[in-house]
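A.B. asks: Structure file data-v4.pdb, PDB, N, CA and C atoms, is pasted below:
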```
ATOM      1  N   MET A   1     -10.248  -3.809  76.625
ATOM      2  CA  MET A   1     -10.156  -3.942  78.057
ATOM      3  C   MET A   1      -9.833  -2.581  78.670
ATOM      4  N   ALA A   2     -10.544  -2.228  79.709
ATOM      5  CA  ALA A   2     -10.353  -0.950  80.387
ATOM      6  C   ALA A   2      -9.049  -0.970  81.185
ATOM      7  N   ARG A   3      -8.488   0.212  81.387
ATOM      8  CA  ARG A   3      -7.256   0.326  82.158
ATOM      9  C   ARG A   3      -7.524   0.402  83.657
ATOM     10  N   ILE A   4      -8.748   0.712  84.040
ATOM     11  CA  ILE A   4      -9.101   0.745  85.460
ATOM     12  C   ILE A   4      -9.255  -0.707  85.919
ATOM     13  N   PRO A   5      -8.543  -1.100  86.959
ATOM     14  CA  PRO A   5      -8.603  -2.504  87.396
ATOM     15  C   PRO A   5     -10.002  -2.917  87.862
ATOM     16  N   ARG A   6     -10.429  -4.088  87.420
ATOM     17  CA  ARG A   6     -11.734  -4.609  87.826
ATOM     18  C   ARG A   6     -11.802  -4.810  89.334
ATOM     19  N   ALA A   7     -10.689  -5.175  89.941
ATOM     20  CA  ALA A   7     -10.678  -5.373  91.396
ATOM     21  C   ALA A   7     -11.017  -4.063  92.111
ATOM     22  N   ALA A   8     -10.520  -2.958  91.594
ATOM     23  CA  ALA A   8     -10.832  -1.660  92.200
ATOM     24  C   ALA A   8     -12.316  -1.343  92.055
ATOM     25  N   ILE A   9     -12.891  -1.688  90.922
ATOM     26  CA  ILE A   9     -14.320  -1.469  90.700
ATOM     27  C   ILE A   9     -15.137  -2.325  91.674
ATOM     28  N   ARG A  10     -14.744  -3.597  91.822
ATOM     29  CA  ARG A  10     -15.464  -4.480  92.749
ATOM     30  C   ARG A  10     -15.402  -3.940  94.173
ATOM     31  N   GLN A  11     -14.235  -3.466  94.592
ATOM     32  CA  GLN A  11     -14.087  -2.901  95.936
ATOM     33  C   GLN A  11     -14.925  -1.644  96.093
ATOM     34  N   LEU A  12     -14.952  -0.814  95.070
ATOM     35  CA  LEU A  12     -15.740   0.413  95.107
ATOM     36  C   LEU A  12     -17.221   0.108  95.266
ATOM     37  N   VAL A  13     -17.722  -0.812  94.454
ATOM     38  CA  VAL A  13     -19.148  -1.167  94.511
ATOM     39  C   VAL A  13     -19.485  -1.789  95.868
ATOM     40  N   LYS A  14     -18.652  -2.705  96.312
ATOM     41  CA  LYS A  14     -18.928  -3.360  97.581
ATOM     42  C   LYS A  14     -18.845  -2.368  98.739
ATOM     43  N   GLY A  15     -17.860  -1.494  98.718
ATOM     44  CA  GLY A  15     -17.686  -0.538  99.799
ATOM     45  C   GLY A  15     -18.723   0.565  99.818
ATOM     46  N   SER A  16     -19.185   0.982  98.643
ATOM     47  CA  SER A  16     -20.110   2.117  98.609
ATOM     48  C   SER A  16     -21.569   1.710  98.752
ATOM     49  N   ILE A  17     -21.948   0.568  98.168
ATOM     50  CA  ILE A  17     -23.356   0.171  98.252
ATOM     51  C   ILE A  17     -23.555  -1.223  98.822
ATOM     52  N   GLY A  18     -22.463  -1.884  99.169
ATOM     53  CA  GLY A  18     -22.563  -3.194  99.801
ATOM     54  C   GLY A  18     -23.050  -4.297  98.890
ATOM     55  N   ALA A  19     -22.819  -4.161  97.590
ATOM     56  CA  ALA A  19     -23.279  -5.167  96.636
ATOM     57  C   ALA A  19     -22.092  -5.831  95.958
ATOM     58  N   LYS A  20     -22.335  -6.989  95.392
ATOM     59  CA  LYS A  20     -21.325  -7.673  94.593
ATOM     60  C   LYS A  20     -21.582  -7.362  93.126
ATOM     61  N   ILE A  21     -20.543  -7.471  92.322
ATOM     62  CA  ILE A  21     -20.665  -7.213  90.889
ATOM     63  C   ILE A  21     -19.898  -8.295  90.146
ATOM     64  N   THR A  22     -20.415  -8.728  89.017
ATOM     65  CA  THR A  22     -19.750  -9.763  88.227
ATOM     66  C   THR A  22     -18.519  -9.178  87.543
ATOM     67  N   GLU A  23     -17.672 -10.062  87.043
ATOM     68  CA  GLU A  23     -16.487  -9.627  86.293
ATOM     69  C   GLU A  23     -16.907  -8.797  85.077
ATOM     70  N   ALA A  24     -17.929  -9.275  84.351
ATOM     71  CA  ALA A  24     -18.398  -8.554  83.167
ATOM     72  C   ALA A  24     -18.974  -7.202  83.555
ATOM     73  N   GLY A  25     -19.698  -7.163  84.657
ATOM     74  CA  GLY A  25     -20.250  -5.897  85.124
ATOM     75  C   GLY A  25     -19.165  -4.925  85.529
ATOM     76  N   ALA A  26     -18.148  -5.418  86.221
ATOM     77  CA  ALA A  26     -17.026  -4.570  86.634
ATOM     78  C   ALA A  26     -16.270  -4.054  85.420
ATOM     79  N   GLU A  27     -16.086  -4.897  84.421
ATOM     80  CA  GLU A  27     -15.388  -4.490  83.195
ATOM     81  C   GLU A  27     -16.170  -3.389  82.480
ATOM     82  N   GLU A  28     -17.476  -3.556  82.352
ATOM     83  CA  GLU A  28     -18.294  -2.549  81.668
ATOM     84  C   GLU A  28     -18.307  -1.233  82.433
ATOM     85  N   LEU A  29     -18.428  -1.303  83.758
ATOM     86  CA  LEU A  29     -18.403  -0.094  84.565
ATOM     87  C   LEU A  29     -17.050   0.603  84.443
ATOM     88  N   ALA A  30     -15.970  -0.160  84.419
ATOM     89  CA  ALA A  30     -14.633   0.413  84.248
ATOM     90  C   ALA A  30     -14.513   1.115  82.897
ATOM     91  N   ARG A  31     -15.036   0.491  81.842
ATOM     92  CA  ARG A  31     -15.005   1.121  80.506
ATOM     93  C   ARG A  31     -15.773   2.444  80.509
ATOM     94  N   MET A  32     -16.963   2.429  81.121
ATOM     95  CA  MET A  32     -17.793   3.633  81.151
ATOM     96  C   MET A  32     -17.095   4.738  81.937
ATOM     97  N   LEU A  33     -16.542   4.409  83.096
ATOM     98  CA  LEU A  33     -15.844   5.410  83.907
ATOM     99  C   LEU A  33     -14.640   5.975  83.167
ATOM    100  N   GLU A  34     -13.942   5.117  82.444
ATOM    101  CA  GLU A  34     -12.790   5.565  81.669
ATOM    102  C   GLU A  34     -13.206   6.537  80.564
ATOM    103  N   ARG A  35     -14.293   6.222  79.862
ATOM    104  CA  ARG A  35     -14.792   7.128  78.808
ATOM    105  C   ARG A  35     -15.160   8.489  79.403
ATOM    106  N   GLU A  36     -15.856   8.470  80.527
ATOM    107  CA  GLU A  36     -16.248   9.718  81.184
ATOM    108  C   GLU A  36     -15.016  10.514  81.611
ATOM    109  N   ALA A  37     -14.034   9.830  82.193
ATOM    110  CA  ALA A  37     -12.815  10.494  82.648
ATOM    111  C   ALA A  37     -12.058  11.113  81.475
ATOM    112  N   GLU A  38     -12.010  10.418  80.347
ATOM    113  CA  GLU A  38     -11.335  10.949  79.160
ATOM    114  C   GLU A  38     -12.047  12.202  78.641
ATOM    115  N   GLU A  39     -13.366  12.167  78.618
ATOM    116  CA  GLU A  39     -14.142  13.319  78.141
ATOM    117  C   GLU A  39     -13.930  14.526  79.058
ATOM    118  N   ILE A  40     -14.002  14.312  80.344
ATOM    119  CA  ILE A  40     -13.789  15.404  81.307
ATOM    120  C   ILE A  40     -12.363  15.922  81.198
ATOM    121  N   SER A  41     -11.409  15.015  81.046
ATOM    122  CA  SER A  41      -9.998  15.416  80.935
ATOM    123  C   SER A  41      -9.760  16.294  79.713
ATOM    124  N   ARG A  42     -10.309  15.895  78.574
ATOM    125  CA  ARG A  42     -10.150  16.709  77.361
ATOM    126  C   ARG A  42     -10.703  18.118  77.566
ATOM    127  N   SER A  43     -11.879  18.194  78.135
ATOM    128  CA  SER A  43     -12.506  19.487  78.377
ATOM    129  C   SER A  43     -11.705  20.317  79.374
ATOM    130  N   ALA A  44     -11.180  19.689  80.405
ATOM    131  CA  ALA A  44     -10.382  20.395  81.412
ATOM    132  C   ALA A  44      -9.088  20.923  80.803
ATOM    133  N   VAL A  45      -8.459  20.139  79.934
ATOM    134  CA  VAL A  45      -7.236  20.577  79.258
ATOM    135  C   VAL A  45      -7.541  21.796  78.375
ATOM    136  N   GLU A  46      -8.650  21.751  77.667
ATOM    137  CA  GLU A  46      -9.042  22.890  76.824
ATOM    138  C   GLU A  46      -9.280  24.129  77.670
ATOM    139  N   ASN A  47      -9.912  23.965  78.816
ATOM    140  CA  ASN A  47     -10.168  25.096  79.700
ATOM    141  C   ASN A  47      -8.854  25.693  80.209
ATOM    142  N   ALA A  48      -7.932  24.853  80.614
ATOM    143  CA  ALA A  48      -6.633  25.340  81.090
ATOM    144  C   ALA A  48      -5.911  26.088  79.974
ATOM    145  N   ALA A  49      -5.973  25.552  78.762
ATOM    146  CA  ALA A  49      -5.309  26.196  77.625
ATOM    147  C   ALA A  49      -5.924  27.569  77.329
ATOM    148  N   ARG A  50      -7.250  27.668  77.427
ATOM    149  CA  ARG A  50      -7.910  28.960  77.204
ATOM    150  C   ARG A  50      -7.431  30.008  78.203
ATOM    151  N   GLU A  51      -7.078  29.544  79.396
ATOM    152  CA  GLU A  51      -6.608  30.451  80.434
ATOM    153  C   GLU A  51      -5.088  30.584  80.437
ATOM    154  N   GLY A  52      -4.439  30.046  79.406
ATOM    155  CA  GLY A  52      -3.001  30.199  79.244
ATOM    156  C   GLY A  52      -2.156  29.324  80.151
ATOM    157  N   ARG A  53      -2.721  28.222  80.604
ATOM    158  CA  ARG A  53      -1.986  27.311  81.487
ATOM    159  C   ARG A  53      -1.799  25.960  80.822
ATOM    160  N   TYR A  54      -0.737  25.262  81.242
ATOM    161  CA  TYR A  54      -0.481  23.910  80.756
ATOM    162  C   TYR A  54      -0.967  22.862  81.740
ATOM    163  N   LYS A  55      -1.039  23.231  83.004
ATOM    164  CA  LYS A  55      -1.478  22.293  84.034
ATOM    165  C   LYS A  55      -2.972  22.416  84.274
ATOM    166  N   VAL A  56      -3.610  21.272  84.397
ATOM    167  CA  VAL A  56      -5.037  21.225  84.708
ATOM    168  C   VAL A  56      -5.187  21.289  86.223
ATOM    169  N   THR A  57      -6.083  22.144  86.669
ATOM    170  CA  THR A  57      -6.321  22.304  88.100
ATOM    171  C   THR A  57      -7.678  21.704  88.481
ATOM    172  N   LYS A  58      -7.904  21.635  89.775
ATOM    173  CA  LYS A  58      -9.196  21.171  90.277
ATOM    174  C   LYS A  58     -10.307  22.065  89.723
ATOM    175  N   LYS A  59     -10.051  23.347  89.628
ATOM    176  CA  LYS A  59     -11.032  24.302  89.098
ATOM    177  C   LYS A  59     -11.430  23.932  87.666
ATOM    178  N   ASP A  60     -10.464  23.530  86.840
ATOM    179  CA  ASP A  60     -10.753  23.137  85.458
ATOM    180  C   ASP A  60     -11.651  21.909  85.421
ATOM    181  N   VAL A  61     -11.332  20.932  86.251
ATOM    182  CA  VAL A  61     -12.113  19.695  86.297
ATOM    183  C   VAL A  61     -13.531  19.993  86.781
ATOM    184  N   MET A  62     -13.642  20.753  87.857
ATOM    185  CA  MET A  62     -14.965  21.072  88.405
ATOM    186  C   MET A  62     -15.800  21.881  87.416
ATOM    187  N   LYS A  63     -15.172  22.782  86.703
ATOM    188  CA  LYS A  63     -15.892  23.589  85.711
ATOM    189  C   LYS A  63     -16.493  22.680  84.630
ATOM    190  N   CYS A  64     -15.728  21.686  84.214
ATOM    191  CA  CYS A  64     -16.222  20.748  83.196
ATOM    192  C   CYS A  64     -17.380  19.911  83.726
ATOM    193  N   ILE A  65     -17.228  19.424  84.941
ATOM    194  CA  ILE A  65     -18.271  18.593  85.531
ATOM    195  C   ILE A  65     -19.553  19.402  85.729
ATOM    196  N   MET A  66     -19.436  20.614  86.237
ATOM    197  CA  MET A  66     -20.610  21.446  86.487
ATOM    198  C   MET A  66     -21.314  21.861  85.192
ATOM    199  N   SER A  67     -20.556  22.030  84.129
ATOM    200  CA  SER A  67     -21.156  22.449  82.860
ATOM    201  C   SER A  67     -21.893  21.322  82.159
ATOM    202  N   ARG A  68     -21.695  20.093  82.605
ATOM    203  CA  ARG A  68     -22.316  18.941  81.955
ATOM    204  C   ARG A  68     -23.772  18.750  82.345
ATOM    205  N   GLY A  69     -24.182  19.378  83.405
ATOM    206  CA  GLY A  69     -25.548  19.090  83.648
ATOM    207  C   GLY A  69     -26.189  19.483  84.859
TER     208      GLY A  69
END
```
What's the structure tokens form of this structure?
C.D. replies:
Amino acid sequence: MARIPRAAIRQLVKGSIGAKITEAGAEELARMLEREAEEISRSAVENAAREGRYKVTKKDVMKCIMSRG
């Protein structure tokens, strides 16, 4: 089970595209978003460490996202 609440996913989908999503769909989307967030977080932490910092900044996160594609 994903840690991102399904209710938040349902609100996001409804608010952004005006559609409804099933419980199973919300759960799967939450799992996928969590996996992506973990991958970006790991990369951002590595970037901060390379620059001699312990705190991850917006710059670290953006650098990871931009390098993905």
A.B. asks: For the atom pair atom CA of A:Ser41 and atom CA of A:Thr22, what is the interatomic distance in Å to one decimal place?
C.D. replies: 28.0 Å
A.B. asks: What does the structure give for the distance between atom N of A:Glu36 and atom N of A:Asp60, in Å to one decimal?
C.D. replies: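 Atom-to-atom, atom N of A:Glu36 and atom N of A:Asp60 are spaced 17.2 Å apart.
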A.B. asks: Hey, could you pull the box centre and edge lengths for stretch 34-37 of chain A, axis-aligned, 3 Å padding per side, all listed atoms, to one decimal in Å, as lines of an AutoDock Vina configuration file?
C.D. replies:
```
center_x = -14.2
center_y = 8.1
center_z = 80.7
size_x = 10.2
size_y = 12.0
size_z = 9.8
```
A.B. asks: Compile the contact shell of stretch 4-16 of chain A as a list of chain:residue names: residues with an atom at most 6 Å away, counting only N, CA and C atoms, same-chain residues fewer than 3 positions apart removed.
C.D. replies: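 My list of contacting residues is A:Ala19, A:Lys20, A:Ile21, A:Ala26, A:Glu27, A:Ala30.
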A.B. asks: With all atoms listed in the file as the counted atoms, please give the residues lying no more than 8 Å from A:Ile65, apart from itself and same-chain residues fewer than 4 positions off, as a PyMOL selection string.
C.D. replies: chain A and resi 40+43-44+59-61+69
A.B. asks: Any chance you could export the current selection's N, CA and C atoms as a compact mmCIF listing (two decimals), in the frame of the given file?
C.D. replies:
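The resulting file, again09.txt, is reproduced below:
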```txt
# COMPACT_ATOMS: atom_id res chain seq x y z
N ILE A 40 -14.00 14.31 80.34
CA ILE A 40 -13.79 15.40 81.31
C ILE A 40 -12.36 15.92 81.20
N SER A 43 -11.88 18.19 78.14
CA SER A 43 -12.51 19.49 78.38
C SER A 43 -11.70 20.32 79.37
N ALA A 44 -11.18 19.69 80.40
CA ALA A 44 -10.38 20.40 81.41
C ALA A 44 -9.09 20.92 80.80
N LYS A 59 -10.05 23.35 89.63
CA LYS A 59 -11.03 24.30 89.10
C LYS A 59 -11.43 23.93 87.67
N ASP A 60 -10.46 23.53 86.84
CA ASP A 60 -10.75 23.14 85.46
C ASP A 60 -11.65 21.91 85.42
N VAL A 61 -11.33 20.93 86.25
CA VAL A 61 -12.11 19.70 86.30
C VAL A 61 -13.53 19.99 86.78
N GLY A 69 -24.18 19.38 83.40
CA GLY A 69 -25.55 19.09 83.65
C GLY A 69 -26.19 19.48 84.86
```
A.B. asks: I'd like to know which residues of chain A are alpha helix (DSSP H) (by DSSP, run on the backbone); could you write them as a PyMOL selection string?
C.D. replies: chain A and resi 6-17+23-50+58-67
A.B. asks: Let's have the selection written as a compact mmCIF listing (two decimals), in the coordinates of the input, with N, CA and C atoms.
C.D. replies:
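The result, written out as selection-v2.txt:
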```
# COMPACT_ATOMS: atom_id res chain seq x y z
N ARG A 6 -10.43 -4.09 87.42
CA ARG A 6 -11.73 -4.61 87.83
C ARG A 6 -11.80 -4.81 89.33
N ALA A 7 -10.69 -5.18 89.94
CA ALA A 7 -10.68 -5.37 91.40
C ALA A 7 -11.02 -4.06 92.11
N ALA A 8 -10.52 -2.96 91.59
CA ALA A 8 -10.83 -1.66 92.20
C ALA A 8 -12.32 -1.34 92.06
N ILE A 9 -12.89 -1.69 90.92
CA ILE A 9 -14.32 -1.47 90.70
C ILE A 9 -15.14 -2.33 91.67
N ARG A 10 -14.74 -3.60 91.82
CA ARG A 10 -15.46 -4.48 92.75
C ARG A 10 -15.40 -3.94 94.17
N GLN A 11 -14.24 -3.47 94.59
CA GLN A 11 -14.09 -2.90 95.94
C GLN A 11 -14.92 -1.64 96.09
N LEU A 12 -14.95 -0.81 95.07
CA LEU A 12 -15.74 0.41 95.11
C LEU A 12 -17.22 0.11 95.27
N VAL A 13 -17.72 -0.81 94.45
CA VAL A 13 -19.15 -1.17 94.51
C VAL A 13 -19.48 -1.79 95.87
N LYS A 14 -18.65 -2.70 96.31
CA LYS A 14 -18.93 -3.36 97.58
C LYS A 14 -18.84 -2.37 98.74
N GLY A 15 -17.86 -1.49 98.72
CA GLY A 15 -17.69 -0.54 99.80
C GLY A 15 -18.72 0.56 99.82
N SER A 16 -19.18 0.98 98.64
CA SER A 16 -20.11 2.12 98.61
C SER A 16 -21.57 1.71 98.75
N ILE A 17 -21.95 0.57 98.17
CA ILE A 17 -23.36 0.17 98.25
C ILE A 17 -23.56 -1.22 98.82
N GLU A 23 -17.67 -10.06 87.04
CA GLU A 23 -16.49 -9.63 86.29
C GLU A 23 -16.91 -8.80 85.08
N ALA A 24 -17.93 -9.28 84.35
CA ALA A 24 -18.40 -8.55 83.17
C ALA A 24 -18.97 -7.20 83.56
N GLY A 25 -19.70 -7.16 84.66
CA GLY A 25 -20.25 -5.90 85.12
C GLY A 25 -19.16 -4.92 85.53
N ALA A 26 -18.15 -5.42 86.22
CA ALA A 26 -17.03 -4.57 86.63
C ALA A 26 -16.27 -4.05 85.42
N GLU A 27 -16.09 -4.90 84.42
CA GLU A 27 -15.39 -4.49 83.20
C GLU A 27 -16.17 -3.39 82.48
N GLU A 28 -17.48 -3.56 82.35
CA GLU A 28 -18.29 -2.55 81.67
C GLU A 28 -18.31 -1.23 82.43
N LEU A 29 -18.43 -1.30 83.76
CA LEU A 29 -18.40 -0.09 84.56
C LEU A 29 -17.05 0.60 84.44
N ALA A 30 -15.97 -0.16 84.42
CA ALA A 30 -14.63 0.41 84.25
C ALA A 30 -14.51 1.12 82.90
N ARG A 31 -15.04 0.49 81.84
CA ARG A 31 -15.00 1.12 80.51
C ARG A 31 -15.77 2.44 80.51
N MET A 32 -16.96 2.43 81.12
CA MET A 32 -17.79 3.63 81.15
C MET A 32 -17.10 4.74 81.94
N LEU A 33 -16.54 4.41 83.10
CA LEU A 33 -15.84 5.41 83.91
C LEU A 33 -14.64 5.98 83.17
N GLU A 34 -13.94 5.12 82.44
CA GLU A 34 -12.79 5.56 81.67
C GLU A 34 -13.21 6.54 80.56
N ARG A 35 -14.29 6.22 79.86
CA ARG A 35 -14.79 7.13 78.81
C ARG A 35 -15.16 8.49 79.40
N GLU A 36 -15.86 8.47 80.53
CA GLU A 36 -16.25 9.72 81.18
C GLU A 36 -15.02 10.51 81.61
N ALA A 37 -14.03 9.83 82.19
CA ALA A 37 -12.82 10.49 82.65
C ALA A 37 -12.06 11.11 81.47
N GLU A 38 -12.01 10.42 80.35
CA GLU A 38 -11.34 10.95 79.16
C GLU A 38 -12.05 12.20 78.64
N GLU A 39 -13.37 12.17 78.62
CA GLU A 39 -14.14 13.32 78.14
C GLU A 39 -13.93 14.53 79.06
N ILE A 40 -14.00 14.31 80.34
CA ILE A 40 -13.79 15.40 81.31
C ILE A 40 -12.36 15.92 81.20
N SER A 41 -11.41 15.02 81.05
CA SER A 41 -10.00 15.42 80.94
C SER A 41 -9.76 16.29 79.71
N ARG A 42 -10.31 15.90 78.57
CA ARG A 42 -10.15 16.71 77.36
C ARG A 42 -10.70 18.12 77.57
N SER A 43 -11.88 18.19 78.14
CA SER A 43 -12.51 19.49 78.38
C SER A 43 -11.70 20.32 79.37
N ALA A 44 -11.18 19.69 80.40
CA ALA A 44 -10.38 20.40 81.41
C ALA A 44 -9.09 20.92 80.80
N VAL A 45 -8.46 20.14 79.93
CA VAL A 45 -7.24 20.58 79.26
C VAL A 45 -7.54 21.80 78.38
N GLU A 46 -8.65 21.75 77.67
CA GLU A 46 -9.04 22.89 76.82
C GLU A 46 -9.28 24.13 77.67
N ASN A 47 -9.91 23.96 78.82
CA ASN A 47 -10.17 25.10 79.70
C ASN A 47 -8.85 25.69 80.21
N ALA A 48 -7.93 24.85 80.61
CA ALA A 48 -6.63 25.34 81.09
C ALA A 48 -5.91 26.09 79.97
N ALA A 49 -5.97 25.55 78.76
CA ALA A 49 -5.31 26.20 77.62
C ALA A 49 -5.92 27.57 77.33
N ARG A 50 -7.25 27.67 77.43
CA ARG A 50 -7.91 28.96 77.20
C ARG A 50 -7.43 30.01 78.20
N LYS A 58 -7.90 21.64 89.78
CA LYS A 58 -9.20 21.17 90.28
C LYS A 58 -10.31 22.06 89.72
N LYS A 59 -10.05 23.35 89.63
CA LYS A 59 -11.03 24.30 89.10
C LYS A 59 -11.43 23.93 87.67
N ASP A 60 -10.46 23.53 86.84
CA ASP A 60 -10.75 23.14 85.46
C ASP A 60 -11.65 21.91 85.42
N VAL A 61 -11.33 20.93 86.25
CA VAL A 61 -12.11 19.70 86.30
C VAL A 61 -13.53 19.99 86.78
N MET A 62 -13.64 20.75 87.86
CA MET A 62 -14.96 21.07 88.40
C MET A 62 -15.80 21.88 87.42
N LYS A 63 -15.17 22.78 86.70
CA LYS A 63 -15.89 23.59 85.71
C LYS A 63 -16.49 22.68 84.63
N CYS A 64 -15.73 21.69 84.21
CA CYS A 64 -16.22 20.75 83.20
C CYS A 64 -17.38 19.91 83.73
N ILE A 65 -17.23 19.42 84.94
CA ILE A 65 -18.27 18.59 85.53
C ILE A 65 -19.55 19.40 85.73
N MET A 66 -19.44 20.61 86.24
CA MET A 66 -20.61 21.45 86.49
C MET A 66 -21.31 21.86 85.19
N SER A 67 -20.56 22.03 84.13
CA SER A 67 -21.16 22.45 82.86
C SER A 67 -21.89 21.32 82.16
```
A.B. asks: Nearest residue to A:Arg31 out of A:Val56, A:Met1, A:Ile17, A:Ala48, using all atoms listed in the file?
C.D. replies: A:Met1
